[in-house]
Amino acid sequence: MAEPLLSVTEVVHAYGGVQAVNGCTFEVPEGVICGLIGPNGAGKTTLVDVVAGALHLQRGTVRYAGADVGGWSPDRLARAGLIRTFQLSREFRQLTVLENLLVAATGRIDESLAGALFRRRQIAVAERALVKEARGLLEIFGLDPLRNDLAVTLSGGQKRLLELARAVMAHPRLLLLDEPMAGINPALMGLLEAHIRRLNSQGITFLMVEHNLGVVDRMCEPVVVMAEGKALAVGSMADHRASDAVVTAYLGRGRPA
Amino acid sequence: MPHDLNYYLATLAVYFLVYCVLTLGLNITFGMAGIFDFSYITFMAIGAYFAGVAVLPPSNQPGLQWILGLNLGFPLDLLIGAAAAGVMGLLIGLLAIRRIRSDYLAMVLVAVWTIAWSVTSNMIGLFNGQQGLIGVPQPFETQLGVNPNDYVFVFIPIAAVVLAILFTVAYCIERSPFGRALRATREDQDVAAAFGKRTVRLRLTAMTIGCLYAGVAGALTIEFLSAMSPNAWAIVETVIIFSALIVGGRGNVFGAVLGALLVRIVIIEGTGLLPTLPDHPELIGATRNILIGLLVIAVLYFRPQGVIPERRRRYFEARKPAADTSQEVAKGG
Ligand SMILES: Nc1ncnc2c1ncn2[C@@H]1O[C@H](COP(=O)(O)OP(=O)(O)O)[C@@H](O)[C@H]1O
Ligand SMILES: [Mg+2]
């Protein structure tokens, strides 16, 4: 059997004395939309940060695309196709919507100083292709009319769409989404859901942290349940609903998501 | 026109051209890459001193002491000054930018200025201490044999050519994917890294380019004025260059030029024309600083991005339906 695209083994991350991730183990096969659920404070965001290289891997192993990527920097992981979004939208505020997407195309245009001075013609050609691709994406996400606006002027929902469009512009192989549906209205939720499904059908693997269990139920398979820094169970949502341990982890604390 | 007025205006033109080099350099470091380089004027001084000791002969008398003394001419002195500033900027960047996040970096860079200023003032053997370098021969001074009062007309084209080159470089950077990556790094280093940018390398490059510009400005300054001393690079000079850039428009080469005009020429030279009160000679400097401060506040209030804000490239051309591109979207996956 082929090696999973991502495997996380006994990963540990503590903030000072707080064991946020405490021996977490699971795998994400290529081609799936894998859900990652769990109560607040379970360590989901911390785990995403560790996998994406934004936080130091203190113990354990992270393998991605056949390589041990523990200790890789976020930019190196990104260039290898591992892209993440942030729990709170973090657009490049003083760049236009279109520029936000163009920035994501690292490696597909010459970004060197020498290029800026001496290879302007080749860059112009590459830039035209990128702009075409970016505008195609913006159109799909309904943002093309806003392409020339500074990202800081977008509404909360539009920023969510921009986050996803920008991540797609990076040509990810694995896309980590941290609560993409948080704080958006139901109509937009349906739209994002459709986008994620379509991108998945085009070959992007997803690991998606999500609190809305309805969304997870519809979209994700497998689903990893995290609690107190560990992966408690991995399976389908139907399995989890039948499992006492999972129900206790969620409901026992009186905090259904 | 009377010769005096011509001479005065020509001198202003040189000051303006040199100041444009300063604001254009800071525009890359601060305007585009968002690095609060509060040591900026230090690199102007390094450029000036090294260009000076490149031109001067070796020193051999007490009271006139400096390192090197290479007896070289223009433009080698300018290249040496710029290179010295660039190398120093790169070294300080390697120490500071790699390890320290933006807020502390600004303070560390103030400390860099403090150290550089004290060392230069007190180590006489370096660049002649508090008195500084004096009597540095001007470019082509002896070859052309012009009257000292007309020399400014020789220097204008020199400064103009240098500025034209540096303006073009800054213009190309501003409109390039490299410049866009710098701006993304300025907006959010973590996100830029999450999209594959080597943010430390980008910031180091921006810092080094800015220092090279400052070094060129310093070399031009000592070539024109024949002198450079610690008085000329007090920390307030860095603040004034920042002010000029913020007023003109950070992130925009034309904003940098406009800021140089408004602050260096209109305010600084304008206040210089005020009558001096015999008992209060310091009033002119105070007026100058107050006016600069008021201008910065007014601009930040009414036009926070500066008079000429960062350029937003707009795309207008109509597009056909995106049927084909939607297929390309995930190909990399
Ligand atoms: N920067 C931080 N410093 C200290 N503790 C943190 C930090 N971020 C998160 N934590 C703690 O780590 C635990 C896991 O947090 P997090 O990964 O954000 O969980 P989740 O995303 O599942 O809600 C929580 O107890 C939280 O309080
Ligand atoms: Mg979280």
# chains A, B, ... in the order shown; residues from 1 in each chain; ligands from 1
>>> residues_around(residues="Val224 of chain A", least_positions_apart="3", cutoff="6 Å", atoms="only C-alpha atoms", output="MDAnalysis selection string")
chainID A and resid 35:36 233:234
>>> residues_around(residues="segment 240-249 of chain B", least_positions_apart="3", cutoff="9 Å", atoms="only C-alpha atoms", output="PyMOL selection string")
chain B and resi 19+22-24+26-27+30-31+38+40-41+236-237+252-264+289+292-293+295-296+298-300+303-310
>>> residues_near_ligand(ligand="ligand 1", cutoff="6 Å", atoms="only C-alpha atoms and all ligand atoms", output="list in words")
Tyr15, Ala20, Asn40, Gly41, Ala42, Gly43, Lys44, Thr45 and Thr46 of chain A
>>> residues_around(residues="Glu174 of chain B", least_positions_apart="3", cutoff="9 Å", atoms="only C-alpha atoms", output="ChimeraX atom specification")
/A:116 /B:28,32,169-171,177-180,251-253,311
>>> closest_residue(among="A:Met189, A:Leu150, A:Gly38, A:Leu137", to="ligand 2", atoms="only C-alpha atoms and all ligand atoms")
A:Gly38
>>> atom_distance(atom1="atom CA of Lys132 of chain A", atom2="atom CA of Thr168 of chain B")
27.7 Å
>>> closest_atom_pairs(of="segment 169-248 of chain B", to="segment 66-85 of chain A", cutoff="10 Å", atoms="only C-alpha atoms", output="tab-separated table")
residue	atom	partner	partner_atom	distance
B:Asp190	CA	A:Pro74	CA	8.4
B:Val191	CA	A:Thr85	CA	8.7
B:Ala192	CA	A:Asp75	CA	8.0
B:Ala193	CA	A:Asp75	CA	4.6
B:Ala194	CA	A:Pro74	CA	5.4
B:Phe195	CA	A:Ala78	CA	5.5
B:Gly196	CA	A:Asp75	CA	3.8
B:Lys197	CA	A:Asp75	CA	5.7
B:Arg198	CA	A:Asp75	CA	6.3
B:Thr199	CA	A:Asp75	CA	8.4
>>> residues_around(residues="Phe86 of chain A", least_positions_apart="5", cutoff="9 Å", atoms="only C-alpha atoms", output="ChimeraX atom specification")
/A:45,163,176-180 /B:191
>>> write_last_selection(atoms="C-alpha atoms", output="short mmCIF file (atom, residue, chain, number, x, y, z; two decimals), in the first residue's frame")
data_model
loop_
_atom_site.label_atom_id
_atom_site.label_comp_id
_atom_site.auth_asym_id
_atom_site.auth_seq_id
_atom_site.Cartn_x
_atom_site.Cartn_y
_atom_site.Cartn_z
CA THR A 45 -4.40 24.58 15.84
CA GLU A 163 -7.74 32.86 1.94
CA LEU A 176 -4.42 22.44 5.88
CA LEU A 177 -7.54 24.46 6.65
CA ASP A 178 -8.00 25.76 10.20
CA GLU A 179 -11.73 26.34 10.75
CA PRO A 180 -12.51 27.64 7.27
CA VAL B 191 2.05 34.34 5.93
#
>>> residues_around(residues="Cys24 of chain A", least_positions_apart="4", cutoff="6 Å", atoms="only C-alpha atoms", output="list in words")
Glu10, Val11, Lys230 and Ala231 of chain A
>>> decode(residues="segment 173-208 of chain B", atoms="N, CA, C and O atoms", output="CSV table (one decimal), in the first residue's frame")
chain,number,residue,atom,x,y,z
B,173,ILE,N,12.5,47.6,-9.3
B,173,ILE,CA,12.3,46.8,-8.1
B,173,ILE,C,10.8,46.9,-7.7
B,173,ILE,O,10.1,45.9,-7.4
B,174,GLU,N,10.3,48.2,-7.7
B,174,GLU,CA,9.0,48.4,-7.2
B,174,GLU,C,8.0,47.6,-8.1
B,174,GLU,O,7.0,47.1,-7.6
B,175,ARG,N,8.2,47.5,-9.4
B,175,ARG,CA,7.2,46.9,-10.2
B,175,ARG,C,7.5,45.4,-10.5
B,175,ARG,O,6.9,44.8,-11.4
B,176,SER,N,8.4,44.8,-9.7
B,176,SER,CA,8.8,43.4,-10.0
B,176,SER,C,8.1,42.4,-9.0
B,176,SER,O,7.7,42.8,-8.0
B,177,PRO,N,8.1,41.2,-9.4
B,177,PRO,CA,7.7,40.1,-8.4
B,177,PRO,C,8.6,40.2,-7.1
B,177,PRO,O,8.1,39.9,-6.0
B,178,PHE,N,9.9,40.5,-7.3
B,178,PHE,CA,10.7,40.7,-6.1
B,178,PHE,C,10.2,41.8,-5.2
B,178,PHE,O,10.0,41.6,-4.0
B,179,GLY,N,9.8,42.9,-5.8
B,179,GLY,CA,9.2,44.0,-4.9
B,179,GLY,C,7.9,43.5,-4.3
B,179,GLY,O,7.6,43.8,-3.1
B,180,ARG,N,7.1,42.8,-5.0
B,180,ARG,CA,5.8,42.3,-4.5
B,180,ARG,C,6.1,41.3,-3.3
B,180,ARG,O,5.4,41.4,-2.3
B,181,ALA,N,7.1,40.5,-3.4
B,181,ALA,CA,7.5,39.6,-2.3
B,181,ALA,C,7.9,40.4,-1.1
B,181,ALA,O,7.6,40.1,0.0
B,182,LEU,N,8.7,41.5,-1.4
B,182,LEU,CA,9.1,42.3,-0.2
B,182,LEU,C,7.9,42.9,0.5
B,182,LEU,O,7.8,42.9,1.7
B,183,ARG,N,6.9,43.4,-0.3
B,183,ARG,CA,5.7,44.0,0.3
B,183,ARG,C,4.9,43.0,1.0
B,183,ARG,O,4.4,43.3,2.1
B,184,ALA,N,4.8,41.8,0.5
B,184,ALA,CA,4.1,40.7,1.2
B,184,ALA,C,4.8,40.4,2.6
B,184,ALA,O,4.1,40.3,3.6
B,185,THR,N,6.1,40.4,2.5
B,185,THR,CA,6.9,40.1,3.8
B,185,THR,C,6.6,41.3,4.8
B,185,THR,O,6.5,41.0,6.0
B,186,ARG,N,6.5,42.5,4.3
B,186,ARG,CA,6.2,43.6,5.1
B,186,ARG,C,4.9,43.5,5.8
B,186,ARG,O,4.7,43.7,7.0
B,187,GLU,N,3.9,43.0,5.0
B,187,GLU,CA,2.5,42.9,5.5
B,187,GLU,C,2.4,41.8,6.6
B,187,GLU,O,1.8,42.0,7.6
B,188,ASP,N,3.1,40.7,6.3
B,188,ASP,CA,3.0,39.6,7.3
B,188,ASP,C,4.0,38.5,7.0
B,188,ASP,O,3.9,37.8,6.0
B,189,GLN,N,5.1,38.6,7.8
B,189,GLN,CA,6.2,37.7,7.5
B,189,GLN,C,5.8,36.2,7.6
B,189,GLN,O,6.2,35.4,6.8
B,190,ASP,N,5.0,35.8,8.6
B,190,ASP,CA,4.6,34.4,8.7
B,190,ASP,C,3.8,33.9,7.5
B,190,ASP,O,4.0,32.8,7.0
B,191,VAL,N,2.9,34.8,7.1
B,191,VAL,CA,2.0,34.3,5.9
B,191,VAL,C,2.9,34.3,4.7
B,191,VAL,O,2.8,33.3,3.9
B,192,ALA,N,3.8,35.2,4.5
B,192,ALA,CA,4.7,35.2,3.4
B,192,ALA,C,5.5,33.9,3.4
B,192,ALA,O,5.7,33.2,2.4
B,193,ALA,N,6.0,33.5,4.6
B,193,ALA,CA,6.7,32.3,4.7
B,193,ALA,C,5.8,31.1,4.4
B,193,ALA,O,6.2,30.1,3.7
B,194,ALA,N,4.6,31.1,4.8
B,194,ALA,CA,3.6,30.1,4.6
B,194,ALA,C,3.3,29.9,3.1
B,194,ALA,O,2.8,28.9,2.7
B,195,PHE,N,3.7,30.9,2.3
B,195,PHE,CA,3.5,30.7,0.9
B,195,PHE,C,4.9,30.6,0.2
B,195,PHE,O,5.0,30.8,-1.0
B,196,GLY,N,5.9,30.2,1.0
B,196,GLY,CA,7.1,29.8,0.4
B,196,GLY,C,8.2,30.8,0.2
B,196,GLY,O,9.2,30.6,-0.3
B,197,LYS,N,7.9,32.1,0.7
B,197,LYS,CA,8.9,33.1,0.6
B,197,LYS,C,10.1,32.9,1.6
B,197,LYS,O,9.8,32.6,2.8
B,198,ARG,N,11.3,33.1,1.2
B,198,ARG,CA,12.4,33.1,2.1
B,198,ARG,C,12.5,34.5,2.7
B,198,ARG,O,13.2,35.4,2.2
B,199,THR,N,11.8,34.7,3.8
B,199,THR,CA,11.6,36.0,4.3
B,199,THR,C,12.9,36.7,4.8
B,199,THR,O,13.1,37.8,4.7
B,200,VAL,N,13.7,35.9,5.5
B,200,VAL,CA,14.9,36.4,6.0
B,200,VAL,C,15.8,36.9,4.9
B,200,VAL,O,16.3,38.0,4.9
B,201,ARG,N,15.9,36.1,3.8
B,201,ARG,CA,16.8,36.5,2.7
B,201,ARG,C,16.2,37.8,2.0
B,201,ARG,O,16.9,38.7,1.7
B,202,LEU,N,14.9,37.8,1.9
B,202,LEU,CA,14.3,39.0,1.3
B,202,LEU,C,14.5,40.3,2.1
B,202,LEU,O,14.9,41.3,1.6
B,203,ARG,N,14.4,40.1,3.4
B,203,ARG,CA,14.6,41.3,4.3
B,203,ARG,C,16.1,41.7,4.3
B,203,ARG,O,16.4,42.9,4.3
B,204,LEU,N,17.0,40.7,4.3
B,204,LEU,CA,18.4,41.1,4.2
B,204,LEU,C,18.7,41.8,2.9
B,204,LEU,O,19.5,42.7,2.9
B,205,THR,N,18.2,41.3,1.8
B,205,THR,CA,18.5,41.9,0.6
B,205,THR,C,18.0,43.4,0.6
B,205,THR,O,18.7,44.3,0.1
B,206,ALA,N,16.7,43.6,1.1
B,206,ALA,CA,16.2,44.9,1.1
B,206,ALA,C,17.1,45.8,2.0
B,206,ALA,O,17.3,47.0,1.6
B,207,MET,N,17.5,45.3,3.1
B,207,MET,CA,18.3,46.1,4.0
B,207,MET,C,19.6,46.5,3.3
B,207,MET,O,20.1,47.6,3.4
B,208,THR,N,20.2,45.5,2.6
B,208,THR,CA,21.5,45.8,2.0
B,208,THR,C,21.3,46.8,0.8
B,208,THR,O,22.2,47.7,0.7
